[in-house]
Every structure is written in structure tokens, then in C-alpha cells.
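Participant: This structure is in C-alpha cells; I'll ask about it shortly.
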Amino acid sequence: MAGDLHSHTNFSDGSADIERLPAWAARAGLTHLAISDHDSMRSIRYAIQHPVADGVTLLPAAELSCRDPENGRRVHLLCYCPDETPELAAFCDGISRQRNETTHRSMAELEAMYPLFSCEAALRYAARSGVTFKTHLMRELLDCGYADGIYGEVYHKLFGIPGGLVLHEPEYEDVFAALKIVRAAHGVAVLAHPSVYDSMRLARALAERGLIDGVEIEHPRNTPEDQAALRALASQYDLIVTGGTDFHGMHSARPLPLGTCVTDDENIARILALAARRRSR
């Protein structure tokens, strides 16, 4: 028994409806699932309203986008089992509003670059969430025949960091502000996939200061070297250890079905117990 604690739907930049994921998780032999859409209260509310679906226990979750103030790089925080506080909702709404503003700038530029590209058509992919992601723009480019995949050569030319031709990014809040919001909401804060944004130095700093509750180790893009260092860090500071596939459905660079990376029962129990203790206080 185990859980996949990192997944996405078309409430953010995934391709699938949220209703489909619990059944897939059940078929993969999972007992728990966290649908952690980016900067969205929708996945949190769905899990609260559907605590068990298709025999799978759903953990309320979101993946929060922020930045490391030391180097300006992006940081992702997995927030588990939070209360629906106004501050958390305002954080998600603020990032979502900025994301729409930046992707609309990108779409205007894409319409000038690619005659077949249509902003109106691209927005159809964001219809369920009302928030437009770069993947939605790539889906329209793919439909028009300008790309051969979501995360291929065209994506890196247009949206690669740094230097993407139409890349515009939100002004992310720093990770320390985001962590305060998570803690005030009685949520459990886990630093997501430290290898992706070169966050190992930040991981140690946050662990030393007691600002994070856990680290995501089992993730498709964490390097073996970082995984080993994270295990040592988790042992030293008694951190929760999580695993998640970072499932996005067809919006992935390679096939990654739910259950590719998992969290064991012991660490799922630690998340639930910690959230319950914070809420009881």
C-alpha cells in the first residue's frame, strides 16, 4: 500500500479531468492520492468534498509556486491538508491572475509568429480552470502542426529559461512568505523535486531552520546524487519523505503513469498526523 502524492489535472497544467485520477490510482494499487494542482484551491476543495473516491483516499493538496530570494530561481512547495484560509486562497488567486497576464502576452506574440495559432483556440484548453499555462499554448501549437510534442524543441525555443522567445513569468513571492501561509493554514510543507530548480542548498537551509516538514525524494527528475543527499538530510532533521510521479497525463516529456513514484504508508501517516495536530492547536 502506498500513495502518489504529486499529480496534476486540467485544474492547472495537466491534461486529464480530476474525476479520472482516483480510478487510475486504484488500478495502480495505490491507497492514497494527492492531486496537487499548481496554485489552485480547486484540487484542495475537490479532495475535501471527495475524501474517498474509487476506494482511494484523497489528500487535499496544492503545489505552490514561489522563488528562492537568494538566487531568484523558482521553488515549488507541496502543501498537504491545509485549511481553506483567505491567505492561501489569495496567494493562489494572485499567482493565477499573473499567470493569465503573462500567458496572454505570450499568446499575442505567438499569433504574430505563427499564422495558424489562435489565442481563442488555446484558451479552450484552460476552460476548466480559467488559468492559462504554457502547456495550453503548446497544445494549440501542436494542433496547428508547429510542434511535435509538448516539451520538445519548440517549447525550449519559446519558453526555455533563460532566453525563451515568448517567455514571461509571474512575479513569484519568496519561499519564506509562502511557508508562513502554509503554516498558518495548518498545512504540511514539503519541498518539491529539489533537483528540478537546483534547490539542494535551499533544502538544507530550510531544514536547518525548521521551516519545512519534508522533502520530495522519489521524483522522476531528482538525480540519484540529490536523492542520496536528501535522504541524509531527512534523517538528520527527521523530515517527512515523500514520493510522487508529478503526473500531467499527456502534458509530459515522457510516459509517466500514476504510481511511478510513491510515498510509503509511514510517511503518509506522518503527514496526516502532523496536519491533525496543527489543526487541533
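Scheme for the C-alpha cells: letters A, B, ... for chains in order shown; per-chain residue numbers from 1; ligand numbers from 1 in order shown.
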Neighbouring residues of Met250 of chain A were defined as those with any atom within 9 Å, considering only C-alpha atoms; residues of the same chain fewer than 5 positions away were excluded. Please report them as a PDB file with N, CA and C atoms, in the first residue's frame.
Facilitator:
ATOM      1  N   GLY A  14      -2.188  19.938 -16.123  1.00  0.00           N
ATOM      2  CA  GLY A  14      -2.346  18.553 -16.554  1.00  0.00           C
ATOM      3  C   GLY A  14      -3.381  18.459 -17.666  1.00  0.00           C
ATOM      4  N   SER A  15      -3.475  17.275 -18.274  1.00  0.00           N
ATOM      5  CA  SER A  15      -4.385  17.111 -19.413  1.00  0.00           C
ATOM      6  C   SER A  15      -5.706  16.444 -19.054  1.00  0.00           C
ATOM      7  N   ALA A  16      -5.763  15.745 -17.911  1.00  0.00           N
ATOM      8  CA  ALA A  16      -6.920  14.907 -17.611  1.00  0.00           C
ATOM      9  C   ALA A  16      -7.881  15.578 -16.642  1.00  0.00           C
ATOM     10  N   ILE A 150       4.796  18.373 -26.488  1.00  0.00           N
ATOM     11  CA  ILE A 150       4.619  19.483 -25.555  1.00  0.00           C
ATOM     12  C   ILE A 150       5.971  20.051 -25.135  1.00  0.00           C
ATOM     13  N   PRO A 255       6.417   9.165 -20.981  1.00  0.00           N
ATOM     14  CA  PRO A 255       5.318   8.496 -20.293  1.00  0.00           C
ATOM     15  C   PRO A 255       5.592   8.334 -18.801  1.00  0.00           C
ATOM     16  N   LEU A 256       4.640   8.786 -17.972  1.00  0.00           N
ATOM     17  CA  LEU A 256       4.768   8.680 -16.519  1.00  0.00           C
ATOM     18  C   LEU A 256       3.385   8.432 -15.920  1.00  0.00           C
TER      19      LEU A 256
END
Participant: Hey, what's within 8 Å of Arg97 of chain A if we count only C-alpha atoms and toss same-chain stuff fewer than 4 positions away? As a PyMOL selection string, please?
Facilitator: chain A and resi 93+101+131
Participant: Using only C-alpha atoms, which residues sit within 12 Å of Val75 of chain A once same-chain residues fewer than 2 positions away are excluded, as a ChimeraX atom specification?
Facilitator: /A:63-73,77-78,172-176,178-179,190-203
Participant: May I have the selected residues written with C-alpha atoms, as a JSON list (two decimals), in the first residue's frame?
Facilitator:
[["chain", "number", "residue", "atom", "x", "y", "z"],
["A", 63, "GLU", "CA", 1.74, 22.84, -5.43],
["A", 64, "LEU", "CA", 2.69, 26.43, -4.70],
["A", 65, "SER", "CA", 4.99, 28.41, -7.00],
["A", 66, "CYS", "CA", 7.47, 30.73, -5.32],
["A", 67, "ARG", "CA", 11.11, 31.81, -5.61],
["A", 68, "ASP", "CA", 14.38, 31.47, -3.77],
["A", 69, "PRO", "CA", 15.30, 35.07, -2.82],
["A", 70, "GLU", "CA", 19.00, 34.19, -2.74],
["A", 71, "ASN", "CA", 19.29, 33.27, -6.41],
["A", 72, "GLY", "CA", 15.92, 34.22, -7.91],
["A", 73, "ARG", "CA", 15.20, 30.68, -9.11],
["A", 77, "LEU", "CA", 6.26, 23.72, -2.39],
["A", 78, "LEU", "CA", 3.83, 20.86, -1.94],
["A", 172, "TYR", "CA", 6.55, 34.89, -7.57],
["A", 173, "GLU", "CA", 6.55, 35.54, -3.82],
["A", 174, "ASP", "CA", 9.57, 34.32, -1.94],
["A", 175, "VAL", "CA", 9.52, 30.88, -0.41],
["A", 176, "PHE", "CA", 9.60, 32.18, 3.16],
["A", 178, "ALA", "CA", 4.75, 31.02, 1.10],
["A", 179, "LEU", "CA", 5.86, 28.84, 4.01],
["A", 190, "VAL", "CA", 7.22, 19.62, 1.56],
["A", 191, "LEU", "CA", 9.93, 20.96, -0.74],
["A", 192, "ALA", "CA", 9.14, 19.55, -4.18],
["A", 193, "HIS", "CA", 11.71, 17.94, -6.53],
["A", 194, "PRO", "CA", 14.85, 19.84, -5.43],
["A", 195, "SER", "CA", 16.82, 18.70, -8.50],
["A", 196, "VAL", "CA", 14.46, 20.47, -10.92],
["A", 197, "TYR", "CA", 15.31, 24.01, -9.82],
["A", 198, "ASP", "CA", 18.70, 23.30, -8.26],
["A", 199, "SER", "CA", 17.27, 23.72, -4.75],
["A", 200, "MET", "CA", 19.58, 21.48, -2.72],
["A", 201, "ARG", "CA", 21.25, 24.40, -0.93],
["A", 202, "LEU", "CA", 17.83, 25.84, -0.14],
["A", 203, "ALA", "CA", 16.63, 22.44, 1.10]]
Participant: I need the residues of segment 38-211 of chain A that end up classed as strand (DSSP E) by DSSP on the backbone, written out as a ChimeraX atom specification.
Facilitator: /A:52-53,56-67,74-80,188-191
Participant: Go ahead and dump the residues you just picked, C-alpha atoms, as a PDB file, in the first residue's frame.
Facilitator:
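What ended up in out36.pdb:
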ATOM      1  CA  VAL A  52     -12.523   8.759  -0.750  1.00  0.00           C
ATOM      2  CA  ALA A  53     -13.042   8.136  -4.478  1.00  0.00           C
ATOM      3  CA  VAL A  56      -8.648   5.714  -2.829  1.00  0.00           C
ATOM      4  CA  THR A  57      -8.154   8.232  -0.006  1.00  0.00           C
ATOM      5  CA  LEU A  58      -7.575  11.739  -1.374  1.00  0.00           C
ATOM      6  CA  LEU A  59      -5.290  14.156   0.443  1.00  0.00           C
ATOM      7  CA  PRO A  60      -6.115  17.842  -0.071  1.00  0.00           C
ATOM      8  CA  ALA A  61      -3.077  19.355  -1.767  1.00  0.00           C
ATOM      9  CA  ALA A  62      -1.663  22.097  -3.952  1.00  0.00           C
ATOM     10  CA  GLU A  63       1.745  22.839  -5.429  1.00  0.00           C
ATOM     11  CA  LEU A  64       2.685  26.433  -4.700  1.00  0.00           C
ATOM     12  CA  SER A  65       4.986  28.414  -7.000  1.00  0.00           C
ATOM     13  CA  CYS A  66       7.474  30.735  -5.322  1.00  0.00           C
ATOM     14  CA  ARG A  67      11.107  31.814  -5.614  1.00  0.00           C
ATOM     15  CA  ARG A  74      11.770  29.159  -8.917  1.00  0.00           C
ATOM     16  CA  VAL A  75      10.843  26.918  -5.993  1.00  0.00           C
ATOM     17  CA  HIS A  76       7.858  24.607  -5.712  1.00  0.00           C
ATOM     18  CA  LEU A  77       6.262  23.721  -2.387  1.00  0.00           C
ATOM     19  CA  LEU A  78       3.835  20.863  -1.939  1.00  0.00           C
ATOM     20  CA  CYS A  79       1.189  21.878   0.584  1.00  0.00           C
ATOM     21  CA  TYR A  80      -0.773  18.992   2.128  1.00  0.00           C
ATOM     22  CA  VAL A 188       2.250  20.332   5.847  1.00  0.00           C
ATOM     23  CA  ALA A 189       5.033  21.859   3.713  1.00  0.00           C
ATOM     24  CA  VAL A 190       7.224  19.618   1.563  1.00  0.00           C
ATOM     25  CA  LEU A 191       9.931  20.960  -0.738  1.00  0.00           C
TER      26      LEU A 191
END
Participant: Can you pull out every residue within 10 Å of Asp265 of chain A, counting only C-alpha atoms, but drop anything in the same chain fewer than 6 positions away, and send it as number ranges by chain?
Facilitator: A: 1-3, 31-32, 271
Participant: What is the distance between atom CA of Ser235 of chain A and atom CA of Leu30 of chain A, in Å to one decimal?
Facilitator: 25.4 Å
Participant: Which of these, A:His168, A:Ala121, A:Ser43, A:Gly163, has the shortest distance to His104 of chain A once you count only C-alpha atoms?
Facilitator: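 Closest residue, counting only C-alpha atoms: A:His168.
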Participant: Which of these residues is nearest to Phe159 of chain A, using only C-alpha atoms: A:Glu19, A:His186, A:Phe117, A:Met107?
Facilitator: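 The closest residue to Phe159 of chain A is A:Met107.
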